[in-house]
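A.B. asks: Quick one: structure below, then a few questions.
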Amino acid sequence: MKVPLLLRIALLIVATTGFYTYVGQMVPQKEVQPPQETALKTDMTSAEMAKVGREIMEGKGLCLTCHTIGKTGALRFPDLAGVDTRAGSRVAGLNDVEYFAQSMYEPTAFIVPGFPPAMPPINKPPIGLTDQEILCVIAYLQSLGGTPTVTLQTKHHYNSGAAAPAGAPAPGAAPAPSGAPASIPKGTPQ
(Lines give C-alpha, C1' and ligand atoms only; values in the text may rest on other atoms or scores of the structure.)
Protein backbone atom coordinates (compact mmCIF):
# COMPACT_ATOMS: atom_id res chain seq x y z
CA MET A 1 0.00 0.00 0.00
CA LYS A 2 1.37 3.34 -1.03
CA VAL A 3 0.67 6.37 1.23
CA PRO A 4 -0.08 9.52 -0.76
CA LEU A 5 2.56 12.26 -0.60
CA LEU A 6 0.22 14.86 0.93
CA LEU A 7 -0.70 12.45 3.74
CA ARG A 8 2.99 11.74 4.45
CA ILE A 9 3.74 15.47 4.61
CA ALA A 10 0.75 16.02 6.92
CA LEU A 11 1.90 13.18 9.22
CA LEU A 12 5.43 14.59 9.29
CA ILE A 13 4.08 18.03 10.25
CA VAL A 14 1.88 16.56 13.01
CA ALA A 15 4.75 14.40 14.35
CA THR A 16 7.22 17.32 14.33
CA THR A 17 4.74 19.66 16.01
CA GLY A 18 3.94 17.01 18.63
CA PHE A 19 7.64 16.40 19.31
CA TYR A 20 8.46 20.09 19.81
CA THR A 21 5.34 20.59 21.93
CA TYR A 22 6.46 17.72 24.17
CA VAL A 23 10.02 19.06 24.45
CA GLY A 24 8.72 22.58 25.11
CA GLN A 25 6.69 21.31 28.05
CA MET A 26 9.79 19.75 29.59
CA VAL A 27 11.61 23.10 29.76
CA PRO A 28 11.03 24.73 33.15
CA GLN A 29 8.86 27.80 32.90
CA LYS A 30 9.75 30.93 34.85
CA GLU A 31 7.21 33.61 35.43
CA VAL A 32 8.79 37.04 35.30
CA GLN A 33 7.15 39.73 37.38
CA PRO A 34 7.74 43.46 37.03
CA PRO A 35 10.16 44.76 39.66
CA GLN A 36 8.65 45.74 42.99
CA GLU A 37 8.54 49.42 43.75
CA THR A 38 10.57 50.23 46.83
CA ALA A 39 9.06 52.65 49.31
CA LEU A 40 11.81 54.95 50.54
CA LYS A 41 11.23 56.70 53.86
CA THR A 42 12.84 60.11 54.23
CA ASP A 43 14.32 59.21 57.62
CA MET A 44 16.17 56.04 56.59
CA THR A 45 19.56 55.36 58.15
CA SER A 46 22.56 54.58 55.97
CA ALA A 47 22.34 50.91 57.03
CA GLU A 48 18.67 50.75 55.99
CA MET A 49 19.56 52.41 52.69
CA ALA A 50 22.27 49.77 52.12
CA LYS A 51 19.70 46.99 52.62
CA VAL A 52 17.30 48.63 50.17
CA GLY A 53 20.22 49.23 47.79
CA ARG A 54 20.94 45.48 47.71
CA GLU A 55 17.28 44.78 46.87
CA ILE A 56 17.38 47.37 44.08
CA MET A 57 20.58 45.85 42.67
CA GLU A 58 19.03 42.37 42.63
CA GLY A 59 15.71 43.56 41.21
CA LYS A 60 14.84 46.79 39.46
CA GLY A 61 18.45 47.89 38.89
CA LEU A 62 19.44 44.64 37.15
CA CYS A 63 23.01 45.23 38.40
CA LEU A 64 23.70 41.63 39.32
CA THR A 65 22.85 40.51 35.80
CA CYS A 66 26.35 41.55 34.77
CA HIS A 67 28.24 42.35 37.98
CA THR A 68 29.23 39.79 40.59
CA ILE A 69 30.07 40.12 44.26
CA GLY A 70 33.04 38.02 45.32
CA LYS A 71 33.30 35.71 42.34
CA THR A 72 36.37 34.98 40.27
CA GLY A 73 36.99 33.76 36.77
CA ALA A 74 35.67 35.21 33.54
CA LEU A 75 33.58 38.23 34.49
CA ARG A 76 31.36 40.30 32.23
CA PHE A 77 31.87 43.44 34.30
CA PRO A 78 34.01 44.30 37.35
CA ASP A 79 33.45 42.31 40.53
CA LEU A 80 31.97 44.49 43.27
CA ALA A 81 33.53 42.76 46.29
CA GLY A 82 35.49 45.40 48.21
CA VAL A 83 34.55 48.07 45.69
CA ASP A 84 34.43 50.86 48.28
CA THR A 85 38.13 50.41 49.04
CA ARG A 86 38.95 51.04 45.37
CA ALA A 87 36.34 53.70 44.62
CA GLY A 88 38.00 56.64 46.35
CA SER A 89 41.22 56.26 44.38
CA ARG A 90 39.92 55.00 41.02
CA VAL A 91 39.51 58.45 39.42
CA ALA A 92 41.67 61.37 40.54
CA GLY A 93 39.63 64.08 42.24
CA LEU A 94 36.56 61.92 42.94
CA ASN A 95 35.67 60.53 46.35
CA ASP A 96 33.79 57.23 46.60
CA VAL A 97 30.32 58.82 46.41
CA GLU A 98 31.20 60.90 43.34
CA TYR A 99 32.86 57.90 41.67
CA PHE A 100 29.85 55.65 42.26
CA ALA A 101 27.51 58.39 41.03
CA GLN A 102 29.59 58.92 37.89
CA SER A 103 29.67 55.16 37.28
CA MET A 104 25.88 55.00 37.30
CA TYR A 105 24.83 58.29 35.71
CA GLU A 106 27.65 58.49 33.16
CA PRO A 107 29.16 54.99 32.97
CA THR A 108 31.39 55.66 29.97
CA ALA A 109 33.24 58.54 31.69
CA PHE A 110 35.68 56.03 33.20
CA ILE A 111 36.01 52.44 31.97
CA VAL A 112 37.75 49.95 34.24
CA PRO A 113 40.67 48.55 32.21
CA GLY A 114 39.93 45.16 30.71
CA PHE A 115 36.15 45.61 30.55
CA PRO A 116 33.90 46.82 27.72
CA PRO A 117 32.07 50.18 27.83
CA ALA A 118 28.67 48.46 27.84
CA MET A 119 26.92 49.63 31.01
CA PRO A 120 23.86 51.81 30.36
CA PRO A 121 23.11 54.93 32.41
CA ILE A 122 20.85 53.55 35.12
CA ASN A 123 18.87 56.73 35.67
CA LYS A 124 17.40 56.48 32.15
CA PRO A 125 15.16 53.86 30.53
CA PRO A 126 15.12 50.90 30.37
CA ILE A 127 16.31 50.78 34.02
CA GLY A 128 15.26 54.25 35.16
CA LEU A 129 16.30 54.40 38.82
CA THR A 130 15.44 57.57 40.73
CA ASP A 131 18.08 59.72 42.45
CA GLN A 132 16.98 58.32 45.83
CA GLU A 133 17.22 54.72 44.59
CA ILE A 134 20.71 55.45 43.26
CA LEU A 135 21.71 56.84 46.67
CA CYS A 136 20.53 53.55 48.21
CA VAL A 137 22.65 51.60 45.71
CA ILE A 138 25.62 53.84 46.59
CA ALA A 139 25.03 53.07 50.29
CA TYR A 140 25.13 49.35 49.50
CA LEU A 141 28.27 49.72 47.39
CA GLN A 142 29.91 51.63 50.27
CA SER A 143 29.07 48.69 52.55
CA LEU A 144 31.12 46.41 50.29
CA GLY A 145 34.45 47.25 51.87
CA GLY A 146 33.51 50.17 54.10
CA THR A 147 30.75 51.80 56.11
CA PRO A 148 27.86 53.54 54.33
CA THR A 149 27.93 57.31 54.86
CA VAL A 150 25.33 58.56 52.38
CA THR A 151 21.84 59.64 53.36
CA LEU A 152 18.86 60.47 51.19
CA GLN A 153 19.93 64.13 51.52
CA THR A 154 23.45 63.51 50.17
CA LYS A 155 24.24 65.66 47.14
CA HIS A 156 26.70 64.84 44.40
CA HIS A 157 27.48 66.20 40.94
CA TYR A 158 24.57 64.35 39.29
CA ASN A 159 21.76 65.17 41.72
CA SER A 160 22.24 68.93 42.00
CA GLY A 161 25.21 68.69 44.31
CA ALA A 162 27.59 70.57 42.01
CA ALA A 163 25.85 73.88 42.43
CA ALA A 164 24.67 73.60 46.04
CA PRO A 165 23.56 77.02 47.31
CA ALA A 166 25.57 78.77 50.00
CA GLY A 167 24.62 77.56 53.45
CA ALA A 168 23.50 74.17 52.17
CA PRO A 169 24.52 71.17 54.26
CA ALA A 170 27.72 69.40 53.27
CA PRO A 171 27.40 66.14 51.35
CA GLY A 172 26.41 63.40 53.72
CA ALA A 173 25.44 65.83 56.47
CA ALA A 174 22.09 65.45 58.13
CA PRO A 175 19.76 68.41 57.66
CA ALA A 176 19.09 70.64 60.64
CA PRO A 177 15.76 69.91 62.37
CA SER A 178 13.03 72.32 61.36
CA GLY A 179 12.89 75.31 63.65
CA ALA A 180 16.44 74.72 64.91
CA PRO A 181 19.11 77.27 64.08
CA ALA A 182 21.57 76.20 61.42
CA SER A 183 25.12 75.67 62.63
CA ILE A 184 27.66 78.21 61.48
CA PRO A 185 31.01 76.86 60.30
CA LYS A 186 34.10 77.95 62.25
CA GLY A 187 35.74 81.05 60.90
CA THR A 188 32.53 82.36 59.34
CA PRO A 189 31.74 85.98 60.32
CA GLN A 190 28.43 86.28 62.12
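We name chains A, B, ... following the order of the C-alpha coordinates; residues begin at 1 in each chain, and ligands are numbered from 1 as shown.
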Residues near segment 53-70 of chain A, anyone? I mean within 7 Å using only C-alpha atoms, not counting same-chain ones fewer than 6 positions away, as a list of chain:residue names.
C.D. replies: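 In the requested form, the answer reads A:Pro35, A:Arg76, A:Phe77, A:Pro78, A:Asp79, A:Leu80, A:Ala81, A:Ile127, A:Leu129, A:Cys136, A:Val137, A:Ala139, A:Tyr140.
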A.B. asks: I'd like the neighbourhood of Val91 of chain A as a count of residues only, where a residue qualifies if any of its atoms comes within 10 Å (using only C-alpha atoms), though same-chain residues fewer than 5 positions away should be ignored.
C.D. replies: 6
A.B. asks: Could you give me the residues within segment 16-163 of chain A that DSSP places in helix (DSSP H, G or I), as JSON, numbers by chain?
C.D. replies: {"A": [16, 17, 18, 19, 20, 21, 22, 23, 24, 25, 26, 46, 47, 48, 49, 50, 51, 52, 53, 54, 55, 56, 57, 58, 63, 64, 65, 83, 84, 85, 86, 87, 88, 89, 90, 96, 97, 98, 99, 100, 101, 102, 103, 104, 105, 131, 132, 133, 134, 135, 136, 137, 138, 139, 140, 141, 142, 143]}
